[in-house]
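Reproduced below: data03.cif, with mmCIF, C-alpha atoms and all ligand atoms.
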data_data
loop_
_atom_site.label_atom_id
_atom_site.label_comp_id
_atom_site.auth_asym_id
_atom_site.auth_seq_id
_atom_site.Cartn_x
_atom_site.Cartn_y
_atom_site.Cartn_z
CA MET S 996 8.24 19.16 -19.69
CA LEU S 997 5.56 20.25 -22.14
CA GLY S 998 5.18 24.02 -22.65
CA LEU S 999 1.90 25.92 -22.44
CA SER S 1000 0.11 26.61 -25.67
CA ASN S 1001 -3.26 28.09 -24.73
CA VAL S 1002 -5.59 28.82 -21.84
CA LYS S 1003 -9.22 29.92 -21.74
CA THR S 1004 -12.15 30.17 -19.36
CA LEU S 1005 -15.34 28.13 -19.80
CA ALA S 1006 -18.76 27.98 -18.06
CA GLU S 1007 -18.74 31.66 -17.14
CA GLY S 1008 -15.38 31.39 -15.42
CA LYS S 1009 -16.25 28.32 -13.33
CA VAL S 1010 -13.79 26.28 -15.39
CA VAL S 1011 -10.37 26.95 -16.91
CA GLN S 1012 -9.14 24.92 -19.85
CA VAL S 1013 -5.38 24.60 -20.22
CA GLU S 1014 -3.62 23.32 -23.33
CA TRP S 1015 -0.03 22.24 -23.46
CA ALA S 1016 2.10 21.38 -26.47
CA GLU S 1017 1.36 18.14 -28.36
CA GLY S 1018 -2.41 18.50 -27.85
CA VAL S 1019 -2.52 17.69 -24.12
CA CYS S 1020 -5.55 19.46 -22.68
CA ALA S 1021 -7.25 19.49 -19.26
CA ARG S 1022 -10.03 21.41 -17.56
CA PHE S 1023 -9.81 22.65 -13.97
CA HIS S 1024 -12.62 23.88 -11.75
CA ALA S 1025 -12.22 27.43 -10.42
CA VAL S 1026 -12.70 26.16 -6.86
CA TRP S 1027 -9.96 23.54 -7.31
CA LEU S 1028 -7.54 26.14 -8.66
CA ARG S 1029 -8.37 28.60 -5.89
CA ASP S 1030 -7.96 25.90 -3.22
CA ASN S 1031 -4.53 25.06 -4.67
CA SER S 1032 -3.34 28.61 -5.31
CA PRO S 1033 0.43 28.60 -4.72
CA ASP S 1034 0.49 32.05 -3.10
CA PRO S 1035 1.92 32.56 0.40
CA GLU S 1036 -1.50 33.37 1.93
CA THR S 1037 -2.97 30.07 0.71
CA LEU S 1038 -0.08 27.60 0.92
CA SER S 1039 2.75 27.90 3.41
CA PRO S 1040 6.00 28.70 1.58
CA ALA S 1041 7.81 26.80 4.33
CA ASN S 1042 6.08 23.41 4.11
CA GLY S 1043 3.43 23.63 1.38
CA GLN S 1044 0.61 23.11 3.88
CA ARG S 1045 -2.67 24.90 3.32
CA LEU S 1046 -3.26 27.99 5.46
CA VAL S 1047 -6.94 28.50 4.61
CA ARG S 1048 -10.09 26.55 5.34
CA ILE S 1049 -12.49 25.61 2.57
CA GLN S 1050 -14.93 28.19 3.99
CA ASP S 1051 -12.30 30.86 3.32
CA VAL S 1052 -12.62 30.15 -0.41
CA PRO S 1053 -15.67 32.13 -1.64
CA GLU S 1054 -18.49 29.76 -2.55
CA ASP S 1055 -19.13 31.72 -5.73
CA VAL S 1056 -15.48 31.76 -6.81
CA TRP S 1057 -14.96 32.25 -10.56
CA VAL S 1058 -12.11 33.14 -12.86
CA GLN S 1059 -12.26 36.51 -14.54
CA ALA S 1060 -9.07 36.13 -16.55
CA ALA S 1061 -6.63 33.34 -17.37
CA THR S 1062 -3.53 34.35 -19.30
CA VAL S 1063 -0.45 32.57 -20.57
CA LEU S 1064 2.54 34.49 -19.21
CA ASP S 1065 5.17 32.40 -20.90
CA ASP S 1066 5.88 28.79 -21.79
CA ALA S 1067 5.84 27.67 -18.16
CA ARG S 1068 3.46 29.93 -16.25
CA LEU S 1069 -0.10 31.16 -16.37
CA GLU S 1070 -1.82 33.90 -14.45
CA ILE S 1071 -5.32 33.59 -13.03
CA THR S 1072 -7.55 36.31 -11.59
CA PHE S 1073 -10.05 34.93 -9.06
CA MET S 1074 -13.31 36.78 -8.36
CA PRO S 1075 -14.92 38.09 -6.24
CA GLU S 1076 -11.61 38.41 -4.33
CA ARG S 1077 -9.78 40.05 -7.28
CA LYS S 1078 -6.90 37.79 -6.36
CA VAL S 1079 -4.19 37.35 -8.99
CA VAL S 1080 -2.16 34.14 -8.78
CA THR S 1081 0.56 32.66 -10.97
CA PHE S 1082 0.51 28.90 -11.54
CA ASP S 1083 3.33 26.69 -12.73
CA ALA S 1084 2.22 24.93 -15.93
CA GLY S 1085 4.30 21.86 -15.13
CA TRP S 1086 2.62 21.52 -11.74
CA LEU S 1087 -0.82 21.75 -13.37
CA LEU S 1088 0.15 19.13 -15.95
CA GLU S 1089 1.36 16.79 -13.24
CA ASN S 1090 -1.73 17.28 -11.06
CA ARG S 1091 -4.45 17.40 -13.71
CA TYR S 1092 -7.51 15.28 -13.00
CA ASP S 1093 -9.41 15.72 -16.25
CA ARG S 1094 -8.24 12.41 -17.69
CA PRO S 1095 -10.30 9.95 -19.72
CA SER S 1096 -9.25 7.12 -17.39
CA ASN S 1097 -10.40 8.79 -14.15
CA GLY S 1098 -13.37 6.94 -12.72
CA LYS S 1099 -13.49 4.44 -15.57
CA ALA S 1100 -11.14 1.67 -14.45
CA ALA S 1101 -12.63 -1.75 -13.72
CA THR S 1102 -13.51 -2.25 -10.05
CA GLY S 1103 -10.57 -3.79 -8.23
CA TRP S 1104 -7.96 -1.87 -10.23
CA THR S 1105 -4.49 -1.14 -8.90
CA ASN S 1106 -2.11 1.59 -9.93
CA ASP S 1107 0.82 1.13 -12.30
CA GLU S 1108 3.30 0.83 -9.45
CA ILE S 1109 1.84 -2.56 -8.51
CA VAL S 1110 2.65 -5.74 -10.44
CA ARG S 1111 0.52 -8.76 -9.55
CA TRP S 1112 2.31 -12.08 -9.64
CA GLY S 1113 2.02 -15.85 -9.38
CA LYS S 1114 4.60 -18.59 -9.09
CA GLU S 1115 6.65 -17.06 -11.93
CA LEU S 1116 8.11 -14.77 -9.27
CA GLN S 1117 9.80 -17.83 -7.71
CA GLU S 1118 12.94 -17.32 -9.81
CA ASP S 1119 12.91 -13.52 -9.51
CA LEU S 1120 12.03 -12.90 -5.89
CA PRO S 1121 13.59 -9.50 -5.13
CA VAL S 1122 16.53 -9.70 -2.76
CA ALA S 1123 19.09 -7.32 -1.29
CA SER S 1124 22.04 -7.66 1.03
CA PHE S 1125 21.65 -5.96 4.41
CA ARG S 1126 25.30 -4.98 4.39
CA THR S 1127 25.04 -3.37 0.95
CA ALA S 1128 21.62 -1.78 1.46
CA SER S 1129 22.68 -0.16 4.70
CA GLN S 1130 25.64 1.51 2.99
CA ASN S 1131 24.41 2.14 -0.53
CA PRO S 1132 21.26 4.27 -1.06
CA ASP S 1133 20.85 2.98 -4.63
CA GLU S 1134 20.66 -0.61 -3.40
CA LEU S 1135 18.17 0.38 -0.69
CA ARG S 1136 16.08 2.31 -3.24
CA ARG S 1137 15.92 -0.70 -5.56
CA TRP S 1138 14.87 -2.99 -2.69
CA LEU S 1139 12.15 -0.62 -1.48
CA ALA S 1140 10.87 -0.12 -5.04
CA ASP S 1141 10.62 -3.90 -5.42
CA ILE S 1142 8.55 -4.08 -2.22
CA ARG S 1143 6.24 -1.38 -3.58
CA ARG S 1144 5.93 -3.27 -6.89
CA TYR S 1145 5.63 -6.89 -5.73
CA GLY S 1146 4.72 -6.51 -2.05
CA VAL S 1147 7.45 -8.97 -1.08
CA ALA S 1148 11.24 -9.16 -0.93
CA LYS S 1149 14.03 -11.01 0.80
CA MET S 1150 17.06 -9.66 2.58
CA ILE S 1151 20.26 -11.60 3.17
CA ASP S 1152 23.51 -11.00 5.07
CA MET S 1153 21.79 -9.86 8.24
CA PRO S 1154 23.68 -9.87 11.53
CA LEU S 1155 23.03 -13.18 13.28
CA GLU S 1156 21.79 -11.61 16.48
CA SER S 1157 18.47 -11.40 18.24
CA GLY S 1158 16.56 -8.22 17.29
CA ALA S 1159 18.53 -7.57 14.09
CA ILE S 1160 15.14 -7.44 12.36
CA CYS S 1161 14.62 -3.97 13.87
CA LYS S 1162 17.79 -2.74 12.15
CA VAL S 1163 16.23 -3.67 8.82
CA VAL S 1164 13.10 -1.66 9.64
CA GLU S 1165 15.28 1.29 10.62
CA LEU S 1166 16.68 1.36 7.08
CA PHE S 1167 13.36 2.79 5.89
CA GLY S 1168 11.01 3.58 8.77
CA TYR S 1169 9.83 2.73 12.24
CA VAL S 1170 8.99 -0.46 14.09
CA ARG S 1171 5.29 -0.78 14.85
CA GLU S 1172 5.23 -2.04 18.41
CA THR S 1173 2.28 -4.20 19.44
CA ASN S 1174 1.22 -6.36 22.36
CA TYR S 1175 3.61 -8.96 20.93
CA GLY S 1176 6.45 -6.53 21.67
CA ARG S 1177 8.86 -4.57 19.49
CA PHE S 1178 9.68 -7.88 17.85
CA PHE S 1179 8.46 -11.36 18.65
CA GLU S 1180 9.65 -14.96 18.62
CA VAL S 1181 8.21 -17.56 16.27
CA ARG S 1182 9.26 -21.04 17.33
CA THR S 1183 7.81 -24.24 18.65
CA GLU S 1184 6.47 -23.99 22.16
CA VAL S 1185 4.66 -26.48 24.35
CA ASN S 1186 1.18 -24.89 25.10
CA PRO S 1187 1.19 -22.28 22.37
CA VAL S 1188 -1.18 -19.32 22.71
CA ASN S 1189 -1.13 -18.83 18.98
CA LEU S 1190 -0.94 -21.50 16.29
CA ALA S 1191 1.92 -19.61 14.61
CA TYR S 1192 4.19 -20.87 17.39
CA THR S 1193 3.80 -24.57 16.60
CA GLY S 1194 5.13 -26.87 13.89
CA LEU S 1195 1.78 -27.13 12.11
CA GLY S 1196 1.44 -25.89 8.55
CA LEU S 1197 -0.27 -22.53 8.32
CA GLN S 1198 -2.71 -21.47 5.65
CA VAL S 1199 -1.54 -18.32 3.92
CA HIS S 1200 -2.84 -15.25 5.69
CA THR S 1201 -2.34 -11.58 6.33
CA ASP S 1202 -1.25 -10.84 9.87
CA ASN S 1203 -3.29 -9.17 12.58
CA PRO S 1204 -6.49 -8.33 10.67
CA TYR S 1205 -7.99 -7.77 14.13
CA ARG S 1206 -6.03 -4.53 14.48
CA ASP S 1207 -7.36 -1.26 13.16
CA PRO S 1208 -5.29 0.05 11.55
CA VAL S 1209 -3.63 -3.19 10.56
CA PRO S 1210 0.20 -3.24 10.51
CA THR S 1211 0.90 -2.71 6.83
CA LEU S 1212 4.31 -4.41 6.73
CA GLN S 1213 5.41 -7.64 8.30
CA LEU S 1214 8.97 -8.93 8.52
CA LEU S 1215 10.17 -12.40 9.50
CA SER S 1216 13.86 -13.05 10.05
CA CYS S 1217 15.63 -16.36 10.54
CA LEU S 1218 18.19 -17.09 13.22
CA ASP S 1219 18.10 -20.88 12.96
CA ASN S 1220 16.35 -23.32 10.62
CA SER S 1221 17.55 -26.89 10.63
CA VAL S 1222 14.15 -28.64 10.52
CA GLU S 1223 12.84 -30.72 7.65
CA GLY S 1224 10.26 -28.60 5.85
CA GLY S 1225 9.19 -25.36 7.47
CA ASP S 1226 9.44 -23.58 4.13
CA SER S 1227 7.83 -20.17 3.87
CA LEU S 1228 5.09 -19.60 1.35
CA VAL S 1229 3.83 -16.31 -0.08
CA VAL S 1230 0.82 -15.61 -2.30
CA ASP S 1231 -0.19 -12.31 -3.89
CA SER S 1232 -3.78 -11.90 -2.73
CA PHE S 1233 -4.26 -9.09 -5.27
CA ARG S 1234 -3.69 -11.69 -7.99
CA ALA S 1235 -6.15 -14.02 -6.24
CA VAL S 1236 -8.73 -11.22 -6.04
CA GLU S 1237 -8.30 -10.54 -9.74
CA LEU S 1238 -9.05 -14.21 -10.48
CA LEU S 1239 -11.99 -14.16 -8.09
CA ARG S 1240 -13.49 -11.15 -9.84
CA GLU S 1241 -13.10 -12.82 -13.24
CA GLU S 1242 -14.32 -16.26 -12.22
CA ALA S 1243 -16.94 -15.45 -9.60
CA PRO S 1244 -18.16 -11.83 -9.75
CA GLU S 1245 -20.84 -12.53 -7.13
CA ALA S 1246 -18.20 -13.77 -4.70
CA PHE S 1247 -16.10 -10.67 -5.36
CA LYS S 1248 -19.15 -8.50 -4.71
CA ALA S 1249 -19.95 -10.26 -1.44
CA LEU S 1250 -16.43 -9.97 -0.04
CA THR S 1251 -16.05 -6.32 -1.03
CA SER S 1252 -19.42 -5.20 0.27
CA LEU S 1253 -20.07 -7.19 3.45
CA PRO S 1254 -18.34 -6.43 6.78
CA ALA S 1255 -16.26 -9.18 8.36
CA ASN S 1256 -15.32 -9.30 12.04
CA TYR S 1257 -11.82 -10.19 13.16
CA THR S 1258 -10.89 -10.92 16.75
CA PHE S 1259 -7.96 -11.93 18.94
CA ALA S 1260 -8.03 -12.52 22.66
CA GLY S 1261 -5.48 -15.33 22.92
CA THR S 1262 -3.37 -14.18 25.84
CA GLY S 1263 -6.06 -12.92 28.20
CA ASP S 1264 -4.62 -9.40 28.46
CA VAL S 1265 -5.74 -8.25 25.03
CA MET S 1266 -9.10 -8.17 23.31
CA LEU S 1267 -8.62 -6.92 19.80
CA ARG S 1268 -11.47 -6.51 17.35
CA SER S 1269 -11.96 -4.98 13.96
CA LYS S 1270 -14.79 -4.82 11.47
CA ARG S 1271 -13.71 -4.51 7.86
CA PRO S 1272 -14.46 -6.10 4.51
CA MET S 1273 -12.28 -9.06 3.55
CA ILE S 1274 -11.51 -7.26 0.28
CA GLU S 1275 -11.39 -3.49 0.73
CA LEU S 1276 -11.99 -1.14 -2.18
CA GLY S 1277 -11.59 2.64 -2.30
CA PRO S 1278 -14.46 4.90 -3.32
CA ASP S 1279 -13.24 4.79 -6.93
CA GLY S 1280 -12.99 0.99 -6.98
CA GLU S 1281 -9.25 0.79 -6.29
CA LEU S 1282 -8.21 -2.43 -4.59
CA LEU S 1283 -6.76 -1.23 -1.29
CA ALA S 1284 -6.35 -4.19 1.03
CA VAL S 1285 -7.14 -7.80 1.74
CA ARG S 1286 -7.66 -9.24 5.22
CA PHE S 1287 -7.42 -12.99 4.98
CA ASN S 1288 -6.80 -15.07 8.08
CA ASN S 1289 -8.75 -18.21 8.96
CA ARG S 1290 -7.51 -18.13 12.57
CA SER S 1291 -8.63 -14.60 13.27
CA LEU S 1292 -11.98 -14.36 11.56
CA GLY S 1293 -14.39 -13.92 14.44
CA PRO S 1294 -18.08 -14.76 14.60
CA LEU S 1295 -19.62 -12.78 11.75
CA THR S 1296 -22.27 -10.69 13.42
CA ASP S 1297 -22.82 -7.78 11.04
CA ILE S 1298 -23.79 -9.55 7.83
CA PRO S 1299 -27.53 -9.63 7.08
CA PHE S 1300 -29.04 -13.10 7.44
CA GLU S 1301 -30.01 -13.16 3.76
CA GLN S 1302 -26.40 -12.57 2.69
CA MET S 1303 -24.49 -14.92 5.00
CA ASP S 1304 -24.48 -17.76 2.45
CA ALA S 1305 -23.13 -15.40 -0.20
CA PHE S 1306 -20.31 -14.35 2.14
CA TYR S 1307 -19.30 -17.92 2.93
CA ASP S 1308 -19.49 -18.94 -0.74
CA GLY S 1309 -17.20 -16.03 -1.58
CA TYR S 1310 -14.81 -16.73 1.28
CA ARG S 1311 -14.53 -20.41 0.28
CA LYS S 1312 -13.90 -19.47 -3.34
CA LEU S 1313 -11.21 -16.95 -2.43
CA ALA S 1314 -9.55 -19.47 -0.10
CA GLU S 1315 -9.51 -22.09 -2.86
CA ILE S 1316 -7.90 -19.64 -5.28
CA MET S 1317 -5.31 -18.63 -2.66
CA GLU S 1318 -4.20 -22.28 -2.43
CA ARG S 1319 -3.67 -22.80 -6.16
CA PRO S 1320 -0.09 -23.97 -6.72
CA GLU S 1321 0.31 -21.58 -9.67
CA LEU S 1322 -0.02 -18.65 -7.28
CA ALA S 1323 2.49 -19.80 -4.67
CA VAL S 1324 6.11 -18.84 -4.24
CA THR S 1325 8.01 -20.89 -1.66
CA PHE S 1326 11.46 -20.59 -0.19
CA LYS S 1327 13.37 -21.69 2.86
CA LEU S 1328 14.75 -18.95 5.03
CA ARG S 1329 18.35 -19.56 6.09
CA PRO S 1330 19.94 -18.04 9.17
CA GLY S 1331 20.71 -14.37 8.44
CA GLU S 1332 17.83 -14.06 5.98
CA LEU S 1333 14.55 -12.23 6.21
CA PHE S 1334 11.46 -11.66 4.15
CA ILE S 1335 9.17 -8.66 4.22
CA VAL S 1336 5.60 -8.51 2.95
CA ASP S 1337 3.09 -5.78 2.31
CA ASN S 1338 0.62 -7.09 4.87
CA THR S 1339 -2.33 -5.45 3.13
CA ARG S 1340 -1.64 -7.53 0.06
CA VAL S 1341 0.80 -10.43 0.18
CA THR S 1342 -0.28 -13.39 2.30
CA HIS S 1343 2.29 -15.64 3.92
CA GLY S 1344 2.16 -19.13 5.33
CA ARG S 1345 4.29 -22.08 6.27
CA VAL S 1346 4.66 -25.68 5.25
CA GLY S 1347 4.43 -27.91 8.38
CA TYR S 1348 7.55 -29.33 9.98
CA GLU S 1349 8.46 -32.09 12.41
CA GLY S 1350 10.23 -32.05 15.74
CA SER S 1351 13.83 -32.75 14.78
CA GLY S 1352 16.15 -29.79 14.45
CA SER S 1353 15.15 -26.31 15.47
CA ARG S 1354 13.50 -23.34 13.82
CA TRP S 1355 13.87 -19.91 15.29
CA LEU S 1356 12.38 -16.94 13.55
CA GLN S 1357 11.69 -13.43 14.77
CA GLY S 1358 8.93 -11.20 13.48
CA ALA S 1359 8.26 -7.49 13.54
CA TYR S 1360 5.77 -5.03 12.12
CA ALA S 1361 6.23 -1.68 10.43
CA ASP S 1362 4.20 0.55 8.16
CA LEU S 1363 4.12 1.21 4.46
CA ASP S 1364 3.75 4.98 4.67
CA GLY S 1365 7.26 5.28 6.13
CA LEU S 1366 8.66 2.92 3.51
CA ARG S 1367 6.99 4.83 0.66
CA SER S 1368 8.20 8.13 2.07
CA THR S 1369 11.80 6.93 2.29
CA LEU S 1370 11.56 5.52 -1.22
CA ALA S 1371 10.13 8.79 -2.60
CA VAL S 1372 12.96 10.78 -1.01
CA LEU S 1373 15.60 8.36 -2.36
CA GLU S 1374 13.99 8.58 -5.82
CA ARG S 1375 13.99 12.37 -5.71
CA GLN S 1376 17.66 12.36 -4.71
CA ALA S 1377 18.52 9.89 -7.47
CA SER S 1378 16.73 11.90 -10.14
CA ALA S 1379 18.45 15.11 -8.93
CA VAL S 1380 21.81 13.38 -9.33
CA GLU S 1381 20.79 12.16 -12.80
CA GLU S 1382 19.79 15.68 -13.84
CA GLU S 1383 23.14 17.02 -12.62
CA VAL S 1384 24.98 14.39 -14.64
CA ALA S 1385 22.86 15.16 -17.70
FE FE2 R 1 1.73 -14.65 10.08
#
Show how you would write the structure in this file as structure tokens.
Amino acid sequence: MLGLSNVKTLAEGKVVQVEWAEGVCARFHAVWLRDNSPDPETLSPANGQRLVRIQDVPEDVWVQAATVLDDARLEITFMPERKVVTFDAGWLLENRYDRPSNGKAATGWTNDEIVRWGKELQEDLPVASFRTASQNPDELRRWLADIRRYGVAKMIDMPLESGAICKVVELFGYVRETNYGRFFEVRTEVNPVNLAYTGLGLQVHTDNPYRDPVPTLQLLSCLDNSVEGGDSLVVDSFRAVELLREEAPEAFKALTSLPANYTFAGTGDVMLRSKRPMIELGPDGELLAVRFNNRSLGPLTDIPFEQMDAFYDGYRKLAEIMERPELAVTFKLRPGELFIVDNTRVTHGRVGYEGSGSRWLQGAYADLDGLRSTLAVLERQASAVEEEVA
């Protein structure tokens, strides 16, 4: 960790500038520092949660004095409260926001933890053994990190029993139960209520865009697959969106700025609706989510008349990119295997299959926040062990 080298106040105490070794420098607003003061009246020592409201921070807060105590700590005196607080220099370094890159990334950016991919992932699709991952935290950590990075992974060596898919979810989080149940069957039926339950091919899609919030993870496990074809297909929609932005900026603009409607009322006892953009960006242009599902796009009722053509042009263009062979990774799930996708990002589909043989899959939903939390805890434990060894 870099040591502190200098600290000074700017703008009549409204800003504090902190310098660390090797020329790293960042400014902090007085209000930001006061809101994050690590004293027991501001942040709970037990859980780190904030104990004050923003109105409890004086509107005219300013810093009277900022002093380097030693290499790792600095002391700040906030006025008009006359409150003296000691900050950890490492914490400030880690949480600084005065960075040249902030607010300047191209629209549709993703953070460094995400790697966009095309068919080159075919040979390197992440995979873990259920037996190993359930006993070895390092193996589980690697698998979860791969899901965070690529948005897709396989698991093998699962118990060949109905509902085993839930045991996989329990390795990292919680099953997201829906009107389809805790888990659901995906196999050919006569009179299907949903096209997923037939032998037809399925265009790649994200699941359940008609829910709000959408389930952010989907899992599909295989109990039997002896049909010809029926291969699974996955496409990184974040890669497709990147191509769309490069090749057709107007299409990208239409799909990020116009609201789409998604609906599902297939079984009579549900009527699910959501209204979201097909490509969702954060306020700083970060690419957050894609909702892409030809079966579930409802009548578009919230797009201005003048912009409907632009929406459909963009939708068609995105769909064409999604079907490019150079973006697709395909594989056949064998009994005892499963794949998991980040359902805000990686689309999945199926090559059609014929009647001979049988294909029995089970699906379940879960959420990314639980997965990321488990991964962060495993990473913290692993780095603590590494430090001990060092
Ligand atoms: Fe699906």
Requested in this report: Could you jot down the CA of His1200 (chain S) to CA of Ala1371 (chain S) separation for me, Å, one decimal place?
Outcome: 28.5 Å
Considering all atoms listed in the file, tabulate each residue of region 1007-1081 of chain S that lies at most 9 Å from region 1093-1115 of chain S along with its nearest interatomic pair and the corresponding distance in Å to one decimal; arrange the rows by chain and ascending residue number and present them as JSON lines.
{"residue": "S:Cys1020", "atom": "CA", "partner": "S:Asp1093", "partner_atom": "CA", "distance": 8.4}
{"residue": "S:Ala1021", "atom": "CA", "partner": "S:Asp1093", "partner_atom": "CA", "distance": 5.3}
{"residue": "S:Arg1022", "atom": "CA", "partner": "S:Asp1093", "partner_atom": "CA", "distance": 5.9}
{"residue": "S:Phe1023", "atom": "CA", "partner": "S:Asp1093", "partner_atom": "CA", "distance": 7.3}
Requested in this report: Measure the distance from CA of Leu997 (chain S) to CA of Phe1082 (chain S) in Å and round it to one decimal.
Outcome: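 Going from CA of Leu997 (chain S) over to CA of Phe1082 (chain S) covers 14.6 Å.
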List the neighbours of Val1011 (chain S) out to 9 Å using all atoms listed in the file; skip same-chain residues closer than 6 positions along the sequence, and give me the result as a JSON list (two decimals) with C-alpha atoms, keeping the file's coordinate frame.
[["chain", "number", "residue", "atom", "x", "y", "z"],
["S", 1002, "VAL", "CA", -5.59, 28.82, -21.84],
["S", 1003, "LYS", "CA", -9.22, 29.92, -21.74],
["S", 1004, "THR", "CA", -12.15, 30.17, -19.36],
["S", 1005, "LEU", "CA", -15.34, 28.13, -19.80],
["S", 1021, "ALA", "CA", -7.25, 19.49, -19.26],
["S", 1022, "ARG", "CA", -10.03, 21.41, -17.56],
["S", 1023, "PHE", "CA", -9.81, 22.65, -13.97],
["S", 1024, "HIS", "CA", -12.62, 23.88, -11.75],
["S", 1025, "ALA", "CA", -12.22, 27.43, -10.42],
["S", 1028, "LEU", "CA", -7.54, 26.14, -8.66],
["S", 1058, "VAL", "CA", -12.11, 33.14, -12.86],
["S", 1061, "ALA", "CA", -6.63, 33.34, -17.37]]
Using only C-alpha atoms and all ligand atoms, what does the table of chain S residues within 9 Å of ligand FE2 1 (chain R) look like, with each row giving the shortest atom pair and its distance in Å to one decimal, sorted by chain and ascending number, as JSON lines?
{"residue": "S:Ala1191", "atom": "CA", "partner": "R:FE2_1", "partner_atom": "FE", "distance": 6.7}
{"residue": "S:Leu1197", "atom": "CA", "partner": "R:FE2_1", "partner_atom": "FE", "distance": 8.3}
{"residue": "S:Val1199", "atom": "CA", "partner": "R:FE2_1", "partner_atom": "FE", "distance": 7.9}
{"residue": "S:His1200", "atom": "CA", "partner": "R:FE2_1", "partner_atom": "FE", "distance": 6.4}
{"residue": "S:Thr1201", "atom": "CA", "partner": "R:FE2_1", "partner_atom": "FE", "distance": 6.3}
{"residue": "S:Asp1202", "atom": "CA", "partner": "R:FE2_1", "partner_atom": "FE", "distance": 4.8}
{"residue": "S:Asn1203", "atom": "CA", "partner": "R:FE2_1", "partner_atom": "FE", "distance": 7.8}
{"residue": "S:Gln1213", "atom": "CA", "partner": "R:FE2_1", "partner_atom": "FE", "distance": 8.1}
{"residue": "S:Leu1215", "atom": "CA", "partner": "R:FE2_1", "partner_atom": "FE", "distance": 8.8}
{"residue": "S:Asn1288", "atom": "CA", "partner": "R:FE2_1", "partner_atom": "FE", "distance": 8.8}
{"residue": "S:Thr1342", "atom": "CA", "partner": "R:FE2_1", "partner_atom": "FE", "distance": 8.1}
{"residue": "S:His1343", "atom": "CA", "partner": "R:FE2_1", "partner_atom": "FE", "distance": 6.3}
{"residue": "S:Gly1344", "atom": "CA", "partner": "R:FE2_1", "partner_atom": "FE", "distance": 6.5}
{"residue": "S:Arg1345", "atom": "CA", "partner": "R:FE2_1", "partner_atom": "FE", "distance": 8.7}
{"residue": "S:Gly1358", "atom": "CA", "partner": "R:FE2_1", "partner_atom": "FE", "distance": 8.7}
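When all atoms listed in the file are used to compute distances to Asp1337 (chain S), the closest of the residues S:Gly1146, S:Gly1196, S:Pro1299, S:Gly1293 turns out to be S:Gly1146.
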Report task. Report the distance between CA of Ala1123 (chain S) and CA of Ile1142 (chain S) in Å, rounded to one decimal place. Result -> 11.1 Å
Counting only C-alpha atoms, write as a CSV table (one decimal) with C-alpha atoms, in the coordinates of the input all protein and nucleic acid residues lying at most 9 Å from (16.4, -16.2, 10.2) in the file's frame.
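What follows is the written file selection.csv:
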chain,number,residue,atom,x,y,z
S,1153,MET,CA,21.8,-9.9,8.2
S,1155,LEU,CA,23.0,-13.2,13.3
S,1215,LEU,CA,10.2,-12.4,9.5
S,1216,SER,CA,13.9,-13.0,10.0
S,1217,CYS,CA,15.6,-16.4,10.5
S,1218,LEU,CA,18.2,-17.1,13.2
S,1219,ASP,CA,18.1,-20.9,13.0
S,1220,ASN,CA,16.4,-23.3,10.6
S,1328,LEU,CA,14.8,-19.0,5.0
S,1329,ARG,CA,18.4,-19.6,6.1
S,1330,PRO,CA,19.9,-18.0,9.2
S,1331,GLY,CA,20.7,-14.4,8.4
S,1332,GLU,CA,17.8,-14.1,6.0
S,1333,LEU,CA,14.6,-12.2,6.2
S,1354,ARG,CA,13.5,-23.3,13.8
S,1355,TRP,CA,13.9,-19.9,15.3
S,1356,LEU,CA,12.4,-16.9,13.6
S,1357,GLN,CA,11.7,-13.4,14.8
Query raised in the report: Neighbours of Met1317 (chain S) within 9 Å (only C-alpha atoms; same-chain residues fewer than 2 positions away dropped), as number ranges by chain?
Result: S: 1199, 1230-1232, 1234-1236, 1312-1315, 1319-1320, 1322-1323, 1342
Query raised in the report: Of the candidates S:Asn1042, S:Gln1117, S:Asn1031, S:Gln1198, which one gets nearest to Asn1090 (chain S) if we count all atoms listed in the file?
Result: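 Smallest distance to Asn1090 (chain S) is found for S:Asn1031.
Considering only C-alpha atoms, the residue among S:Pro1278, S:Asp1119, S:Asp1362, S:Arg1171 positioned nearest to Lys1149 (chain S) is S:Asp1119.
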Requested in this report: Choose the residue, out of S:Glu1007, S:Glu1242, S:Asp1133, S:Glu1165, that has the smallest atom-to-atom separation from Arg1375 (chain S); count only C-alpha atoms.
Outcome: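 Of S:Glu1007, S:Glu1242, S:Asp1133, S:Glu1165, the one nearest Arg1375 (chain S), counting only C-alpha atoms, is S:Asp1133.
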Report summary line: Counting all atoms listed in the file, the residue among S:Leu1253, S:Leu1370, S:Val1079, S:Ala1359 that lies closest to Tyr1175 (chain S) is S:Ala1359
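Residues of protein, DNA and RNA with at least one atom no farther than 10 Å from (-16.1, -15.6, -6.9) are, using all atoms listed in the file, S:Val1236, S:Glu1237, S:Leu1238, S:Leu1239, S:Arg1240, S:Glu1241, S:Glu1242, S:Ala1243, S:Pro1244, S:Glu1245, S:Ala1246, S:Phe1247, S:Lys1248, S:Ala1249, S:Leu1250, S:Ala1305, S:Asp1308, S:Gly1309, S:Tyr1310, S:Arg1311, S:Lys1312, S:Leu1313, S:Ile1316.
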Query raised in the report: So which one's closest to Asp1066 (chain S), S:Ala1284, S:Leu999, S:Met1273, S:Val1324? Using all atoms listed in the file, please.
Result: S:Leu999
Query raised in the report: Ala1140 (chain S): which residues within 9 Å, counting only C-alpha atoms, same-chain residues fewer than 3 positions away excluded, as an MDAnalysis selection string?
Result: chainID S and resid 1108 1135:1137 1143:1145 1367 1370
